[in-house]
>>> print(open('start39.cif').read())   # mmCIF, C-alpha atoms
data_protein
#
loop_
_atom_site.group_PDB
_atom_site.id
_atom_site.type_symbol
_atom_site.label_atom_id
_atom_site.label_comp_id
_atom_site.auth_asym_id
_atom_site.auth_seq_id
_atom_site.Cartn_x
_atom_site.Cartn_y
_atom_site.Cartn_z
ATOM 1 C CA MET V 4 -49.280 -15.265 8.192
ATOM 2 C CA ILE V 5 -49.090 -18.969 9.026
ATOM 3 C CA ARG V 6 -47.134 -19.829 12.165
ATOM 4 C CA ILE V 7 -46.453 -23.257 13.566
ATOM 5 C CA THR V 8 -44.720 -22.969 16.919
ATOM 6 C CA HIS V 9 -45.672 -26.180 18.717
ATOM 7 C CA VAL V 10 -46.371 -29.624 17.253
ATOM 8 C CA LEU V 11 -48.078 -32.374 19.279
ATOM 9 C CA CYS V 12 -47.607 -35.982 18.148
ATOM 10 C CA PRO V 13 -49.162 -38.884 20.091
ATOM 11 C CA VAL V 14 -47.154 -42.131 19.801
ATOM 12 C CA ASP V 15 -47.909 -45.754 20.654
ATOM 13 C CA PHE V 16 -44.614 -47.411 19.575
ATOM 14 C CA SER V 17 -46.093 -48.841 16.369
ATOM 15 C CA ASP V 18 -44.466 -48.425 12.952
ATOM 16 C CA ILE V 19 -47.381 -46.187 12.058
ATOM 17 C CA SER V 20 -46.753 -43.779 14.919
ATOM 18 C CA GLN V 21 -43.034 -43.775 14.034
ATOM 19 C CA HIS V 22 -44.008 -42.687 10.518
ATOM 20 C CA ALA V 23 -46.208 -39.926 11.980
ATOM 21 C CA LEU V 24 -43.386 -38.858 14.305
ATOM 22 C CA ASP V 25 -41.045 -38.486 11.302
ATOM 23 C CA HIS V 26 -43.539 -36.096 9.698
ATOM 24 C CA ALA V 27 -44.024 -34.159 12.941
ATOM 25 C CA ALA V 28 -40.248 -33.830 13.364
ATOM 26 C CA ALA V 29 -39.766 -32.599 9.792
ATOM 27 C CA ILE V 30 -42.402 -29.897 10.172
ATOM 28 C CA ALA V 31 -41.041 -28.868 13.583
ATOM 29 C CA HIS V 32 -37.613 -28.534 11.972
ATOM 30 C CA TRP V 33 -38.907 -26.438 9.059
ATOM 31 C CA TYR V 34 -40.785 -24.053 11.346
ATOM 32 C CA GLU V 35 -38.332 -24.080 14.280
ATOM 33 C CA ALA V 36 -41.198 -25.313 16.428
ATOM 34 C CA GLN V 37 -41.242 -27.260 19.672
ATOM 35 C CA LEU V 38 -42.192 -30.916 19.360
ATOM 36 C CA THR V 39 -44.129 -32.695 22.104
ATOM 37 C CA LEU V 40 -44.339 -36.479 21.954
ATOM 38 C CA LEU V 41 -47.223 -37.875 23.971
ATOM 39 C CA HIS V 42 -47.894 -41.425 25.085
ATOM 40 C CA VAL V 43 -51.141 -42.169 26.872
ATOM 41 C CA PHE V 44 -51.057 -45.152 29.212
ATOM 42 C CA VAL V 45 -54.552 -46.615 29.285
ATOM 43 C CA ALA V 46 -55.775 -47.116 32.837
ATOM 44 C CA ARG V 47 -58.839 -49.316 32.794
ATOM 45 C CA PRO V 48 -60.624 -50.224 36.052
ATOM 46 C CA THR V 49 -60.777 -53.924 36.868
ATOM 47 C CA MET V 50 -63.812 -55.763 38.171
ATOM 48 C CA ASP V 51 -62.959 -55.332 41.823
ATOM 49 C CA ALA V 52 -60.172 -52.803 41.998
ATOM 50 C CA LEU V 53 -59.202 -49.259 41.228
ATOM 51 C CA PRO V 54 -57.751 -48.429 37.821
ATOM 52 C CA LEU V 55 -54.299 -49.869 37.203
ATOM 53 C CA ALA V 56 -51.744 -47.227 38.185
ATOM 54 C CA LEU V 57 -48.650 -46.345 36.183
ATOM 55 C CA GLU V 58 -45.610 -47.127 38.317
ATOM 56 C CA ASP V 59 -42.575 -44.835 38.368
ATOM 57 C CA ALA V 60 -40.395 -47.539 36.814
ATOM 58 C CA ASP V 61 -42.893 -48.020 33.998
ATOM 59 C CA ARG V 62 -43.078 -44.274 33.388
ATOM 60 C CA GLU V 63 -39.283 -44.100 33.226
ATOM 61 C CA TRP V 64 -39.177 -47.001 30.745
ATOM 62 C CA LEU V 65 -41.847 -45.381 28.566
ATOM 63 C CA ASN V 66 -39.972 -42.068 28.555
ATOM 64 C CA LYS V 67 -36.782 -43.865 27.513
ATOM 65 C CA SER V 68 -38.601 -45.775 24.766
ATOM 66 C CA ILE V 69 -40.097 -42.579 23.349
ATOM 67 C CA ARG V 70 -36.672 -40.926 23.325
ATOM 68 C CA GLU V 71 -35.373 -43.901 21.356
ATOM 69 C CA MET V 72 -38.200 -43.430 18.837
ATOM 70 C CA ALA V 73 -37.114 -39.807 18.427
ATOM 71 C CA VAL V 74 -33.535 -40.645 17.467
ATOM 72 C CA ARG V 75 -34.081 -39.285 13.931
ATOM 73 C CA VAL V 76 -35.495 -35.954 15.097
ATOM 74 C CA PRO V 77 -33.175 -33.154 13.893
ATOM 75 C CA PRO V 78 -30.927 -31.983 16.760
ATOM 76 C CA ASP V 79 -32.137 -28.391 16.518
ATOM 77 C CA VAL V 80 -35.717 -29.402 17.414
ATOM 78 C CA CYS V 81 -36.667 -29.010 21.065
ATOM 79 C CA VAL V 82 -38.363 -32.286 22.082
ATOM 80 C CA ASP V 83 -40.628 -32.639 25.104
ATOM 81 C CA VAL V 84 -41.793 -36.112 26.172
ATOM 82 C CA ARG V 85 -45.029 -36.598 28.085
ATOM 83 C CA VAL V 86 -46.359 -39.850 29.495
ATOM 84 C CA GLU V 87 -49.885 -39.516 30.840
ATOM 85 C CA GLN V 88 -52.349 -41.952 32.349
ATOM 86 C CA ALA V 89 -56.008 -41.873 31.317
ATOM 87 C CA GLU V 90 -59.009 -44.112 30.768
ATOM 88 C CA GLN V 91 -59.905 -42.453 27.441
ATOM 89 C CA VAL V 92 -56.967 -41.871 25.103
ATOM 90 C CA HIS V 93 -58.750 -39.408 22.822
ATOM 91 C CA ASN V 94 -59.829 -37.203 25.744
ATOM 92 C CA GLU V 95 -56.262 -37.080 27.033
ATOM 93 C CA ILE V 96 -54.907 -36.135 23.607
ATOM 94 C CA LEU V 97 -57.457 -33.328 23.306
ATOM 95 C CA GLY V 98 -56.647 -32.217 26.852
ATOM 96 C CA GLN V 99 -52.920 -32.143 26.112
ATOM 97 C CA LEU V 100 -53.606 -30.241 22.914
ATOM 98 C CA ALA V 101 -55.206 -27.511 25.007
ATOM 99 C CA ALA V 102 -52.628 -27.696 27.809
ATOM 100 C CA THR V 103 -49.616 -27.375 25.518
ATOM 101 C CA GLY V 104 -51.147 -24.759 23.242
ATOM 102 C CA ALA V 105 -49.979 -26.792 20.248
ATOM 103 C CA ASP V 106 -50.993 -25.328 16.882
ATOM 104 C CA LEU V 107 -50.502 -28.520 14.867
ATOM 105 C CA LEU V 108 -51.523 -32.079 15.726
ATOM 106 C CA VAL V 109 -49.935 -35.024 13.891
ATOM 107 C CA LEU V 110 -51.689 -38.404 14.065
ATOM 108 C CA GLY V 111 -51.006 -41.780 12.490
ATOM 109 C CA THR V 112 -53.825 -43.922 11.112
ATOM 110 C CA HIS V 113 -53.999 -47.683 11.048
ATOM 111 C CA GLY V 114 -54.621 -50.222 8.268
ATOM 112 C CA ARG V 115 -56.239 -49.505 4.939
ATOM 113 C CA SER V 116 -57.878 -52.786 3.973
ATOM 114 C CA GLY V 117 -61.115 -54.549 4.746
ATOM 115 C CA PHE V 118 -62.953 -53.367 7.822
ATOM 116 C CA GLN V 119 -60.101 -51.102 8.897
ATOM 117 C CA ARG V 120 -60.267 -49.115 5.675
ATOM 118 C CA TRP V 121 -63.665 -47.779 6.695
ATOM 119 C CA PHE V 122 -62.676 -46.839 10.227
ATOM 120 C CA LEU V 123 -59.547 -44.883 11.003
ATOM 121 C CA GLY V 124 -59.415 -46.302 14.498
ATOM 122 C CA SER V 125 -61.657 -45.034 17.247
ATOM 123 C CA VAL V 126 -58.996 -42.849 18.874
ATOM 124 C CA THR V 127 -57.993 -41.093 15.660
ATOM 125 C CA GLU V 128 -61.604 -40.581 14.584
ATOM 126 C CA LYS V 129 -62.646 -39.093 17.919
ATOM 127 C CA VAL V 130 -59.654 -36.764 18.035
ATOM 128 C CA ILE V 131 -59.905 -35.365 14.511
ATOM 129 C CA ARG V 132 -63.625 -34.691 14.933
ATOM 130 C CA LYS V 133 -62.941 -32.341 17.847
ATOM 131 C CA ALA V 134 -59.418 -30.995 17.451
ATOM 132 C CA ALA V 135 -59.630 -27.262 16.855
ATOM 133 C CA CYS V 136 -56.156 -26.829 15.386
ATOM 134 C CA PRO V 137 -54.924 -28.071 11.987
ATOM 135 C CA THR V 138 -54.385 -31.835 12.046
ATOM 136 C CA LEU V 139 -52.027 -33.838 9.861
ATOM 137 C CA VAL V 140 -53.319 -37.390 9.427
ATOM 138 C CA VAL V 141 -50.518 -39.724 8.344
ATOM 139 C CA PRO V 142 -51.394 -43.128 6.791
ATOM 140 C CA PRO V 143 -49.137 -46.185 7.020
ATOM 141 C CA ARG V 144 -45.861 -45.966 5.156
ATOM 142 C CA ALA V 145 -46.071 -47.181 1.550
ATOM 143 C CA LEU V 146 -44.534 -50.611 1.058
ATOM 144 C CA ASP V 147 -41.888 -49.303 -1.349
ATOM 145 C CA VAL V 148 -40.750 -46.477 0.955
ATOM 146 C CA PRO V 149 -37.749 -47.332 3.170
ATOM 147 C CA PRO V 150 -38.140 -46.581 6.902
ATOM 148 C CA ASP V 151 -35.337 -44.004 6.882
ATOM 149 C CA ALA V 152 -36.576 -42.103 3.810
ATOM 150 C CA PRO V 153 -36.720 -38.333 4.496
ATOM 151 C CA VAL V 154 -40.096 -36.626 4.706
ATOM 152 C CA GLN V 155 -40.745 -34.467 1.650
ATOM 153 C CA PHE V 156 -43.726 -32.447 0.481
ATOM 154 C CA LYS V 157 -42.600 -31.921 -3.089
ATOM 155 C CA ARG V 158 -46.070 -32.279 -4.616
ATOM 156 C CA ILE V 159 -48.967 -30.738 -2.705
ATOM 157 C CA LEU V 160 -52.622 -30.978 -3.717
ATOM 158 C CA CYS V 161 -55.011 -28.451 -2.172
ATOM 159 C CA ALA V 162 -58.761 -28.932 -2.641
ATOM 160 C CA VAL V 163 -60.539 -25.569 -2.916
ATOM 161 C CA ASP V 164 -64.306 -25.062 -2.885
ATOM 162 C CA PHE V 165 -64.011 -21.306 -2.097
ATOM 163 C CA SER V 166 -65.415 -21.771 1.423
ATOM 164 C CA GLU V 167 -63.749 -20.066 4.374
ATOM 165 C CA SER V 168 -62.314 -23.373 5.548
ATOM 166 C CA SER V 169 -60.801 -24.254 2.169
ATOM 167 C CA LEU V 170 -59.238 -20.785 1.934
ATOM 168 C CA SER V 171 -57.697 -21.374 5.366
ATOM 169 C CA GLY V 172 -56.371 -24.657 4.012
ATOM 170 C CA LEU V 173 -54.966 -22.866 0.974
ATOM 171 C CA ALA V 174 -52.993 -20.526 3.230
ATOM 172 C CA TYR V 175 -51.297 -23.551 4.821
ATOM 173 C CA ALA V 176 -50.724 -25.181 1.437
ATOM 174 C CA LEU V 177 -49.033 -22.047 0.105
ATOM 175 C CA HIS V 178 -46.839 -21.750 3.180
ATOM 176 C CA LEU V 179 -45.801 -25.402 3.103
ATOM 177 C CA ALA V 180 -45.100 -25.120 -0.624
ATOM 178 C CA GLU V 181 -42.757 -22.247 0.162
ATOM 179 C CA GLU V 182 -40.958 -24.235 2.863
ATOM 180 C CA ALA V 183 -40.600 -27.284 0.604
ATOM 181 C CA ASP V 184 -40.083 -25.520 -2.752
ATOM 182 C CA ALA V 185 -42.967 -27.666 -3.929
ATOM 183 C CA HIS V 186 -45.266 -28.108 -6.894
ATOM 184 C CA LEU V 187 -48.711 -26.986 -5.707
ATOM 185 C CA THR V 188 -51.980 -27.849 -7.437
ATOM 186 C CA LEU V 189 -55.204 -26.032 -6.567
ATOM 187 C CA LEU V 190 -58.104 -28.326 -7.434
ATOM 188 C CA HIS V 191 -61.786 -27.441 -7.606
ATOM 189 C CA VAL V 192 -64.342 -30.177 -8.202
ATOM 190 C CA ILE V 193 -67.676 -29.309 -9.818
ATOM 191 C CA GLU V 194 -70.129 -31.871 -8.460
ATOM 192 C CA MET V 195 -73.166 -30.510 -10.341
ATOM 193 C CA PRO V 196 -72.654 -29.916 -14.065
ATOM 194 C CA PRO V 197 -73.172 -26.191 -14.732
ATOM 195 C CA GLU V 198 -75.701 -26.832 -17.504
ATOM 196 C CA LEU V 199 -78.081 -28.382 -14.951
ATOM 197 C CA ARG V 200 -78.269 -25.053 -13.149
ATOM 198 C CA GLU V 201 -79.403 -23.249 -16.275
ATOM 199 C CA ASN V 202 -82.818 -23.124 -17.943
ATOM 200 C CA PRO V 203 -82.734 -25.705 -20.776
ATOM 201 C CA MET V 204 -85.880 -24.126 -22.272
ATOM 202 C CA ALA V 205 -84.166 -20.808 -22.913
ATOM 203 C CA PRO V 206 -83.836 -20.036 -26.661
ATOM 204 C CA ASP V 207 -80.070 -19.476 -26.391
ATOM 205 C CA PHE V 208 -79.388 -22.582 -24.267
ATOM 206 C CA ASN V 209 -76.104 -24.197 -25.292
ATOM 207 C CA ILE V 210 -74.632 -26.947 -23.120
ATOM 208 C CA ASP V 211 -71.073 -26.678 -24.430
ATOM 209 C CA ARG V 212 -70.992 -22.895 -24.068
ATOM 210 C CA ILE V 213 -72.345 -22.982 -20.517
ATOM 211 C CA HIS V 214 -69.937 -25.741 -19.559
ATOM 212 C CA ALA V 215 -66.906 -23.909 -20.977
ATOM 213 C CA ALA V 216 -67.930 -20.634 -19.350
ATOM 214 C CA ALA V 217 -68.287 -22.278 -15.936
ATOM 215 C CA GLN V 218 -64.883 -23.953 -16.243
ATOM 216 C CA ALA V 219 -63.229 -20.705 -17.330
ATOM 217 C CA GLU V 220 -64.817 -18.690 -14.508
ATOM 218 C CA THR V 221 -63.776 -21.247 -11.894
ATOM 219 C CA LEU V 222 -60.210 -21.316 -13.182
ATOM 220 C CA ARG V 223 -60.114 -17.517 -13.031
ATOM 221 C CA ARG V 224 -61.287 -17.580 -9.403
ATOM 222 C CA LEU V 225 -58.635 -20.147 -8.533
ATOM 223 C CA ARG V 226 -55.882 -18.131 -10.181
ATOM 224 C CA ASP V 227 -56.999 -14.992 -8.371
ATOM 225 C CA LEU V 228 -56.341 -16.790 -5.084
ATOM 226 C CA ILE V 229 -52.642 -17.222 -5.852
ATOM 227 C CA PRO V 230 -50.457 -14.402 -4.450
ATOM 228 C CA ASP V 231 -48.041 -12.909 -6.959
ATOM 229 C CA GLN V 232 -45.008 -13.902 -4.880
ATOM 230 C CA ALA V 233 -46.124 -17.538 -4.648
ATOM 231 C CA ARG V 234 -44.845 -18.304 -8.141
ATOM 232 C CA THR V 235 -41.358 -17.190 -7.119
ATOM 233 C CA TYR V 236 -40.958 -20.033 -4.617
ATOM 234 C CA ALA V 237 -43.253 -22.744 -5.981
ATOM 235 C CA THR V 238 -44.721 -24.093 -9.189
ATOM 236 C CA VAL V 239 -48.470 -23.457 -8.938
ATOM 237 C CA GLU V 240 -51.068 -25.152 -11.105
ATOM 238 C CA THR V 241 -54.864 -24.822 -11.167
ATOM 239 C CA ALA V 242 -57.350 -27.459 -12.251
ATOM 240 C CA VAL V 243 -61.126 -27.823 -12.470
ATOM 241 C CA VAL V 244 -62.756 -31.239 -12.849
ATOM 242 C CA GLU V 245 -66.254 -32.666 -12.599
ATOM 243 C CA GLY V 246 -67.532 -35.589 -10.595
ATOM 244 C CA GLY V 247 -67.756 -36.795 -7.015
ATOM 245 C CA ALA V 248 -65.536 -34.538 -4.920
ATOM 246 C CA TYR V 249 -63.646 -37.092 -2.841
ATOM 247 C CA ARG V 250 -63.165 -39.475 -5.777
ATOM 248 C CA ARG V 251 -61.712 -36.710 -7.928
ATOM 249 C CA VAL V 252 -59.415 -35.530 -5.138
ATOM 250 C CA LEU V 253 -58.108 -39.063 -4.629
ATOM 251 C CA GLN V 254 -57.768 -39.598 -8.378
ATOM 252 C CA ARG V 255 -55.781 -36.393 -8.846
ATOM 253 C CA SER V 256 -53.617 -37.219 -5.836
ATOM 254 C CA ALA V 257 -52.769 -40.592 -7.363
ATOM 255 C CA GLU V 258 -52.076 -39.102 -10.800
ATOM 256 C CA GLU V 259 -49.706 -36.513 -9.369
ATOM 257 C CA GLN V 260 -48.214 -38.880 -6.774
ATOM 258 C CA ALA V 261 -48.929 -36.205 -4.211
ATOM 259 C CA ASP V 262 -46.940 -36.115 -0.975
ATOM 260 C CA LEU V 263 -49.648 -34.131 0.807
ATOM 261 C CA ILE V 264 -53.339 -33.320 0.428
ATOM 262 C CA VAL V 265 -54.659 -30.167 2.110
ATOM 263 C CA MET V 266 -58.379 -29.800 2.779
ATOM 264 C CA GLY V 267 -60.590 -27.392 4.670
ATOM 265 C CA VAL V 268 -63.274 -28.736 6.988
ATOM 266 C CA HIS V 269 -66.590 -26.965 7.327
ATOM 267 C CA GLY V 270 -68.213 -25.858 10.610
ATOM 268 C CA ARG V 271 -68.863 -27.697 13.861
ATOM 269 C CA SER V 272 -72.599 -28.378 13.743
ATOM 270 C CA PRO V 273 -73.897 -31.667 15.263
ATOM 271 C CA ILE V 274 -73.743 -33.409 11.899
ATOM 272 C CA ASP V 275 -70.210 -32.103 11.326
ATOM 273 C CA LEU V 276 -69.150 -33.637 14.617
ATOM 274 C CA LEU V 277 -70.297 -36.991 13.258
ATOM 275 C CA VAL V 278 -68.723 -36.851 9.812
ATOM 276 C CA PHE V 279 -66.876 -33.458 9.810
ATOM 277 C CA GLY V 280 -67.438 -33.107 6.102
ATOM 278 C CA SER V 281 -68.089 -36.267 4.139
ATOM 279 C CA THR V 282 -65.641 -35.341 1.369
ATOM 280 C CA THR V 283 -62.773 -34.808 3.806
ATOM 281 C CA TYR V 284 -63.628 -37.961 5.718
ATOM 282 C CA HIS V 285 -63.663 -40.131 2.589
ATOM 283 C CA VAL V 286 -60.329 -38.686 1.477
ATOM 284 C CA ILE V 287 -58.708 -39.352 4.856
ATOM 285 C CA ARG V 288 -59.915 -42.935 4.875
ATOM 286 C CA ALA V 289 -58.507 -43.793 1.435
ATOM 287 C CA ALA V 290 -55.528 -41.452 0.937
ATOM 288 C CA THR V 291 -52.093 -42.982 0.460
ATOM 289 C CA CYS V 292 -50.333 -39.761 1.505
ATOM 290 C CA PRO V 293 -50.760 -37.503 4.558
ATOM 291 C CA VAL V 294 -53.838 -35.276 4.677
ATOM 292 C CA LEU V 295 -53.748 -31.892 6.411
ATOM 293 C CA ILE V 296 -57.156 -30.912 7.794
ATOM 294 C CA VAL V 297 -57.725 -27.198 8.414
ATOM 295 C CA ARG V 298 -60.857 -25.834 10.018
ATOM 296 C CA GLY V 299 -62.270 -22.498 8.939
#
>>> encode(input="start39.cif", output="structure tokens")
Amino acid sequence: MIRITHVLCPVDFSDISQHALDHAAAIAHWYEAQLTLLHVFVARPTMDALPLALEDADREWLNKSIREMAVRVPPDVCVDVRVEQAEQVHNEILGQLAATGADLLVLGTHGRSGFQRWFLGSVTEKVIRKAACPTLVVPPRALDVPPDAPVQFKRILCAVDFSESSLSGLAYALHLAEEADAHLTLLHVIEMPPELRENPMAPDFNIDRIHAAAQAETLRRLRDLIPDQARTYATVETAVVEGGAYRRVLQRSAEEQADLIVMGVHGRSPIDLLVFGSTTYHVIRAATCPVLIVRG
């Protein structure tokens, strides 16, 4: 059973964080969850003085400004505003994540061109590497989407590689599809052609037969993951494609005009802390819709 009871959304007064806040508010409304809006005031020490302190008047102004950002939050959502002072924004966000007990983190990402396309922004990168709870990464609003457009997850794409983390992601995708009455696609990408795993010297070797059998078996496994009741509240589709995993996920997302991509992230080994799954990282960097990251 998926439960979202507390959503944490850091804001910095940019259009991007407003877009992320809209998504956080929508999810909080759907799940009747509390919404905490966090602004971290960066206190950096000067050459010859203590770190700049946040004055009471400044804190009051920041609180008021955040409340103004939250004007579109549905009235039934309980909103908590926190203004904290810290030298490292990402550490404060992670600390507040633990302090509030939030079970969903919503973050906005910055530009998607040139140098910025390859780096999400140091704060966002550092947070999503270490956040233990599911994290919704929201890219900038598309140019043709008006600022007051409602948040909708009508088409959800869930990448499944049958790992524990991707199955955890699938559970969230199914639950969100139920909330949104959405079209859900389960996608598995075969990166190594099945015929390469067979013995080409065998007398009965047949590339087409092996390929078709692998596709059919993978589709069967995907379909077995879908609960019977899921088809009563959502349209569920399964698909198997070959190629580079992140490229195929992005391609399918574009073809379906997905509103949300859901992906599982593998363990927390030292290399994972650096790239936390290269496929997921590449998708986050280039996606034009929000990406929900779920750890196993």
>>> atom_distance(input="start39.cif", atom1="atom CA of V:His93", atom2="atom CA of V:Glu128")
8.8 Å
>>> resolve_selection(input="start39.cif", expression="the PyMOL selection byres ((chain V and resi 132-138) around 7)", output="list in words")
Leu97, Asp106, Leu107, Leu108, Val109, Glu128, Lys129, Val130, Ile131, Leu139, Val140, Leu276, Phe279, Leu295, Ile296, Val297 and Arg298 of chain V
>>> residues_near_point(input="start39.cif", point="(-41.9, -40.5, 19.3)", cutoff="6 Å", atoms="all atoms listed in the file", output="MDAnalysis selection string")
chainID V and resid 14 24 40 69 72:73
>>> residues_near_point(input="start39.cif", point="(-50.7, -28.8, -8.4)", cutoff="6 Å", atoms="all atoms listed in the file", output="compact mmCIF listing (two decimals) with C-alpha atoms, in the frame of the given file")
# COMPACT_ATOMS: atom_id res chain seq x y z
CA LEU V 160 -52.62 -30.98 -3.72
CA HIS V 186 -45.27 -28.11 -6.89
CA LEU V 187 -48.71 -26.99 -5.71
CA THR V 188 -51.98 -27.85 -7.44
CA LEU V 189 -55.20 -26.03 -6.57
CA VAL V 239 -48.47 -23.46 -8.94
CA GLU V 240 -51.07 -25.15 -11.10
>>> atom_distance(input="start39.cif", atom1="atom CA of V:Cys292", atom2="atom CA of V:His22")
11.4 Å
>>> atom_distance(input="start39.cif", atom1="atom CA of V:Thr8", atom2="atom CA of V:Val84")
16.3 Å
>>> resolve_selection(input="start39.cif", expression="the PyMOL selection byres ((chain V and resi 142-154) around 6)", output="MDAnalysis selection string")
chainID V and resid 19 111:112 141 155
>>> resolve_selection(input="start39.cif", expression="the PyMOL selection byres ((chain V and resi 249) around 9)", output="list in words")
Val192, Gly246, Gly247, Ala248, Arg250, Arg251, Val252, Leu253, Gln254, Ser281, Thr282, Thr283, Tyr284, His285 and Val286 of chain V
>>> residues_around(input="start39.cif", residues="V:Leu190", least_positions_apart="2", cutoff="6 Å", atoms="only C-alpha atoms", output="list in words")
Ala162, Val163, Ala242 and Val243 of chain V
>>> residues_around(input="start39.cif", residues="V:Gly172", least_positions_apart="5", cutoff="7 Å", atoms="all atoms listed in the file", output="ChimeraX atom specification")
/V:265-267,297
>>> write_last_selection(input="start39.cif", atoms="C-alpha atoms", output="short mmCIF file (atom, residue, chain, number, x, y, z; two decimals), in the frame of the given file")
data_model
loop_
_atom_site.label_atom_id
_atom_site.label_comp_id
_atom_site.auth_asym_id
_atom_site.auth_seq_id
_atom_site.Cartn_x
_atom_site.Cartn_y
_atom_site.Cartn_z
CA VAL V 265 -54.66 -30.17 2.11
CA MET V 266 -58.38 -29.80 2.78
CA GLY V 267 -60.59 -27.39 4.67
CA VAL V 297 -57.72 -27.20 8.41
#
>>> closest_residue(input="start39.cif", among="V:Arg6, V:Arg75, V:His26, V:Lys67", to="V:Val294", atoms="all atoms listed in the file")
V:His26
